[in-house]
Amino acid sequence: MTDDVRNIVLAAVAAGICAVLGWTARTYLWNRKLRRKQAFFGLPENSESLLVVNRDAASSEPSVHRFDVFSLLELAAIVKDCGAHVQVVTQDAVHQGFGERTEFCLGAPGSNRRLVAHMAAMLPGVRVNVDPEAGPDRGAFQIGGERYRMEPGITEYVILARLTAGERREARPVFLFCGQRAITNQAATRYLARHH
């Protein structure tokens, strides 16, 4: 065997070893990232989750606002990436306790009673003005002594919270998306999907 053939064979073997090591490292890092994502969202492989939707307050029929549908699509993609299953239910059809399944609760206190119950139990310092009368404080958040008023199209707020009950390993988190308008719910879901 000449030196040239030996160098080619050694280079091919070295390239093969580097490719296998690179593929192994990439697979390990991808699996690690997936496990961390599953742990954060409480969505192990083949687990169940709930997307709890509100009703569109502007409609007399039971319907979901267009921007809330976009939010549900973002959340469904997260659930699918984690290898879990999702069930979409309305806020008045949920009959389970806190932490049994991962729950994504979307809406505003005026249109989602489940969200109100979670906020009252787990976020006692947060108040939302649900007064139907038009005024500067309509839809405003009060957190402690601070008030966050909405100026449509200029300044709008959303509360994004990850709530857990105790330190039990099997307890699943509840994610709250409480926006002053449906577009802020969509902004919160997009933020969570990109920056969890």
# chains A, B, ... in the order shown; residues from 1 in each chain; ligands from 1
call {"tool": "select_by_dssp", "arguments": {"residues": "region 28-124 of chain A", "states": "strand (DSSP E)", "output": "PyMOL selection string"}}
result
chain A and resi 48-53+85-90+102-107
call {"tool": "write_last_selection", "arguments": {"atoms": "all heavy atoms", "output": "short mmCIF file (atom, residue, chain, number, x, y, z; two decimals), in the first residue's frame"}}
result
data_model
loop_
_atom_site.label_atom_id
_atom_site.label_comp_id
_atom_site.auth_asym_id
_atom_site.auth_seq_id
_atom_site.Cartn_x
_atom_site.Cartn_y
_atom_site.Cartn_z
N GLU A 48 -51.19 13.40 28.96
CA GLU A 48 -52.40 14.13 28.54
C GLU A 48 -52.29 15.58 28.99
O GLU A 48 -51.74 15.87 30.05
CB GLU A 48 -53.64 13.50 29.17
CG GLU A 48 -53.93 12.09 28.71
CD GLU A 48 -54.38 12.03 27.26
OE1 GLU A 48 -55.06 12.97 26.79
OE2 GLU A 48 -54.01 11.05 26.59
N SER A 49 -52.86 16.47 28.20
CA SER A 49 -52.91 17.88 28.58
C SER A 49 -54.24 18.48 28.14
O SER A 49 -54.94 17.91 27.30
CB SER A 49 -51.75 18.66 27.94
OG SER A 49 -51.90 18.68 26.54
N LEU A 50 -54.55 19.62 28.72
CA LEU A 50 -55.80 20.31 28.42
C LEU A 50 -55.52 21.70 27.89
O LEU A 50 -54.66 22.41 28.42
CB LEU A 50 -56.66 20.47 29.67
CG LEU A 50 -57.28 19.24 30.30
CD1 LEU A 50 -58.01 19.63 31.57
CD2 LEU A 50 -58.22 18.58 29.34
N LEU A 51 -56.23 22.09 26.86
CA LEU A 51 -56.28 23.47 26.41
C LEU A 51 -57.66 23.98 26.79
O LEU A 51 -58.67 23.56 26.21
CB LEU A 51 -56.07 23.58 24.90
CG LEU A 51 -54.73 23.15 24.33
CD1 LEU A 51 -54.71 23.30 22.83
CD2 LEU A 51 -53.60 23.92 24.95
N VAL A 52 -57.72 24.84 27.80
CA VAL A 52 -58.99 25.34 28.30
C VAL A 52 -59.23 26.71 27.65
O VAL A 52 -58.46 27.64 27.86
CB VAL A 52 -58.98 25.48 29.83
CG1 VAL A 52 -60.32 25.99 30.33
CG2 VAL A 52 -58.64 24.15 30.48
N VAL A 53 -60.29 26.78 26.85
CA VAL A 53 -60.57 28.00 26.11
C VAL A 53 -61.76 28.74 26.70
O VAL A 53 -62.64 28.15 27.31
CB VAL A 53 -60.84 27.72 24.61
CG1 VAL A 53 -59.62 27.13 23.96
CG2 VAL A 53 -62.04 26.82 24.42
N HIS A 85 -50.38 14.34 24.31
CA HIS A 85 -51.69 14.43 23.67
C HIS A 85 -52.44 15.62 24.25
O HIS A 85 -52.25 15.98 25.41
CB HIS A 85 -52.49 13.15 23.91
CG HIS A 85 -51.74 11.91 23.48
ND1 HIS A 85 -51.54 11.57 22.18
CD2 HIS A 85 -51.12 10.97 24.22
CE1 HIS A 85 -50.84 10.45 22.12
NE2 HIS A 85 -50.57 10.06 23.36
N VAL A 86 -53.33 16.19 23.45
CA VAL A 86 -54.04 17.38 23.88
C VAL A 86 -55.54 17.18 23.72
O VAL A 86 -55.99 16.48 22.82
CB VAL A 86 -53.56 18.62 23.08
CG1 VAL A 86 -53.95 18.52 21.62
CG2 VAL A 86 -54.08 19.89 23.68
N GLN A 87 -56.27 17.79 24.63
CA GLN A 87 -57.73 17.81 24.57
C GLN A 87 -58.15 19.26 24.73
O GLN A 87 -57.74 19.93 25.68
CB GLN A 87 -58.32 16.94 25.68
CG GLN A 87 -59.82 16.92 25.68
CD GLN A 87 -60.38 16.09 26.85
OE1 GLN A 87 -59.63 15.59 27.68
NE2 GLN A 87 -61.68 16.00 26.90
N VAL A 88 -58.96 19.76 23.81
CA VAL A 88 -59.47 21.13 23.88
C VAL A 88 -60.85 21.09 24.53
O VAL A 88 -61.73 20.36 24.08
CB VAL A 88 -59.56 21.76 22.48
CG1 VAL A 88 -60.08 23.18 22.57
CG2 VAL A 88 -58.20 21.75 21.79
N VAL A 89 -61.00 21.86 25.61
CA VAL A 89 -62.28 21.91 26.32
C VAL A 89 -62.64 23.36 26.62
O VAL A 89 -61.76 24.21 26.71
CB VAL A 89 -62.24 21.10 27.64
CG1 VAL A 89 -62.07 19.63 27.39
CG2 VAL A 89 -61.16 21.61 28.55
N THR A 90 -63.92 23.61 26.77
CA THR A 90 -64.35 24.95 27.14
C THR A 90 -64.23 25.11 28.65
O THR A 90 -64.21 24.13 29.40
CB THR A 90 -65.80 25.21 26.70
OG1 THR A 90 -66.64 24.24 27.31
CG2 THR A 90 -65.93 25.17 25.20
N THR A 102 -51.35 18.61 32.72
CA THR A 102 -50.88 19.94 32.33
C THR A 102 -52.05 20.67 31.70
O THR A 102 -52.76 20.13 30.88
CB THR A 102 -49.71 19.84 31.35
OG1 THR A 102 -48.61 19.19 31.99
CG2 THR A 102 -49.26 21.21 30.88
N GLU A 103 -52.21 21.91 32.11
CA GLU A 103 -53.35 22.70 31.64
C GLU A 103 -52.87 24.05 31.13
O GLU A 103 -52.05 24.71 31.76
CB GLU A 103 -54.32 22.88 32.80
CG GLU A 103 -55.56 23.64 32.49
CD GLU A 103 -56.49 23.74 33.69
OE1 GLU A 103 -56.48 22.82 34.55
OE2 GLU A 103 -57.21 24.75 33.77
N PHE A 104 -53.37 24.43 29.98
CA PHE A 104 -53.11 25.74 29.41
C PHE A 104 -54.46 26.47 29.41
O PHE A 104 -55.36 26.10 28.67
CB PHE A 104 -52.57 25.63 27.99
CG PHE A 104 -51.27 24.88 27.89
CD1 PHE A 104 -51.25 23.52 27.66
CD2 PHE A 104 -50.06 25.55 28.04
CE1 PHE A 104 -50.06 22.82 27.57
CE2 PHE A 104 -48.86 24.85 27.95
CZ PHE A 104 -48.86 23.49 27.73
N CYS A 105 -54.61 27.47 30.28
CA CYS A 105 -55.88 28.16 30.48
C CYS A 105 -55.78 29.54 29.85
O CYS A 105 -54.96 30.36 30.24
CB CYS A 105 -56.16 28.26 31.98
SG CYS A 105 -57.87 28.56 32.38
N LEU A 106 -56.64 29.79 28.88
CA LEU A 106 -56.52 30.95 28.01
C LEU A 106 -57.76 31.82 28.10
O LEU A 106 -58.88 31.32 28.10
CB LEU A 106 -56.36 30.42 26.59
CG LEU A 106 -56.13 31.36 25.45
CD1 LEU A 106 -54.71 31.88 25.53
CD2 LEU A 106 -56.31 30.62 24.14
N GLY A 107 -57.57 33.13 28.21
CA GLY A 107 -58.72 34.02 28.18
C GLY A 107 -58.56 35.20 29.11
O GLY A 107 -57.46 35.64 29.42
#
call {"tool": "residues_around", "arguments": {"residues": "Gln186 (chain A)", "least_positions_apart": "4", "cutoff": "12 Å", "atoms": "only C-alpha atoms", "output": "list in words"}}
result
His65, Arg66, Phe67, Asp68, Val69, Phe70, Ser71, Leu72, Leu73, Glu74, Leu75, Leu106, Gly107, Tyr157, Val158, Ile159, Leu160, Phe177, Cys178, Gly179, Gln180, Arg181, Ala182, Arg190, Tyr191, Leu192 and Ala193 of chain A
call {"tool": "select_by_dssp", "arguments": {"residues": "chain A", "states": "alpha helix (DSSP H)", "output": "PyMOL selection string"}}
result
chain A and resi 3-41+66-81+113-122+182-195
call {"tool": "closest_residue", "arguments": {"among": "A:Val128, A:Gly83, A:Ile154, A:Val174", "to": "Glu45 (chain A)", "atoms": "only C-alpha atoms"}}
result
A:Gly83
call {"tool": "atom_distance", "arguments": {"atom1": "CA of Arg127 (chain A)", "atom2": "CA of Thr189 (chain A)"}}
result
21.2 Å
call {"tool": "residues_around", "arguments": {"residues": "Gly139 (chain A)", "least_positions_apart": "5", "cutoff": "8 Å", "atoms": "only C-alpha atoms", "output": "PDB file with C-alpha atoms, in the first residue's frame"}}
result
ATOM      1  CA  VAL A 128     -58.549  42.313  37.172  1.00  0.00           C
ATOM      2  CA  ASN A 129     -61.299  44.871  36.656  1.00  0.00           C
ATOM      3  CA  VAL A 130     -64.101  42.989  34.869  1.00  0.00           C
ATOM      4  CA  ASP A 131     -66.607  45.836  35.115  1.00  0.00           C
ATOM      5  CA  ARG A 149     -54.469  50.209  32.356  1.00  0.00           C
ATOM      6  CA  MET A 150     -55.054  49.282  28.759  1.00  0.00           C
ATOM      7  CA  GLN A 180     -56.577  42.397  28.326  1.00  0.00           C
TER       8      GLN A 180
END
call {"tool": "closest_residue", "arguments": {"among": "A:Ser47, A:Thr27, A:Gln142, A:Asn7", "to": "Cys82 (chain A)", "atoms": "only C-alpha atoms"}}
result
A:Ser47
call {"tool": "atom_distance", "arguments": {"atom1": "CA of Val79 (chain A)", "atom2": "CA of Glu156 (chain A)"}}
result
27.2 Å
call {"tool": "closest_residue", "arguments": {"among": "A:Ala15, A:Ala140, A:Ala187, A:Ala171", "to": "Gly110 (chain A)", "atoms": "only C-alpha atoms"}}
result
A:Ala140
call {"tool": "atom_distance", "arguments": {"atom1": "CA of Leu176 (chain A)", "atom2": "CA of Gly99 (chain A)"}}
result
13.0 Å
call {"tool": "closest_residue", "arguments": {"among": "A:Ala77, A:Ile8, A:Val64, A:Ala84", "to": "Pro44 (chain A)", "atoms": "only C-alpha atoms"}}
result
A:Ala84
call {"tool": "closest_residue", "arguments": {"among": "A:Val126, A:Ile78, A:Met119, A:Ala39", "to": "Arg172 (chain A)", "atoms": "only C-alpha atoms"}}
result
A:Ala39
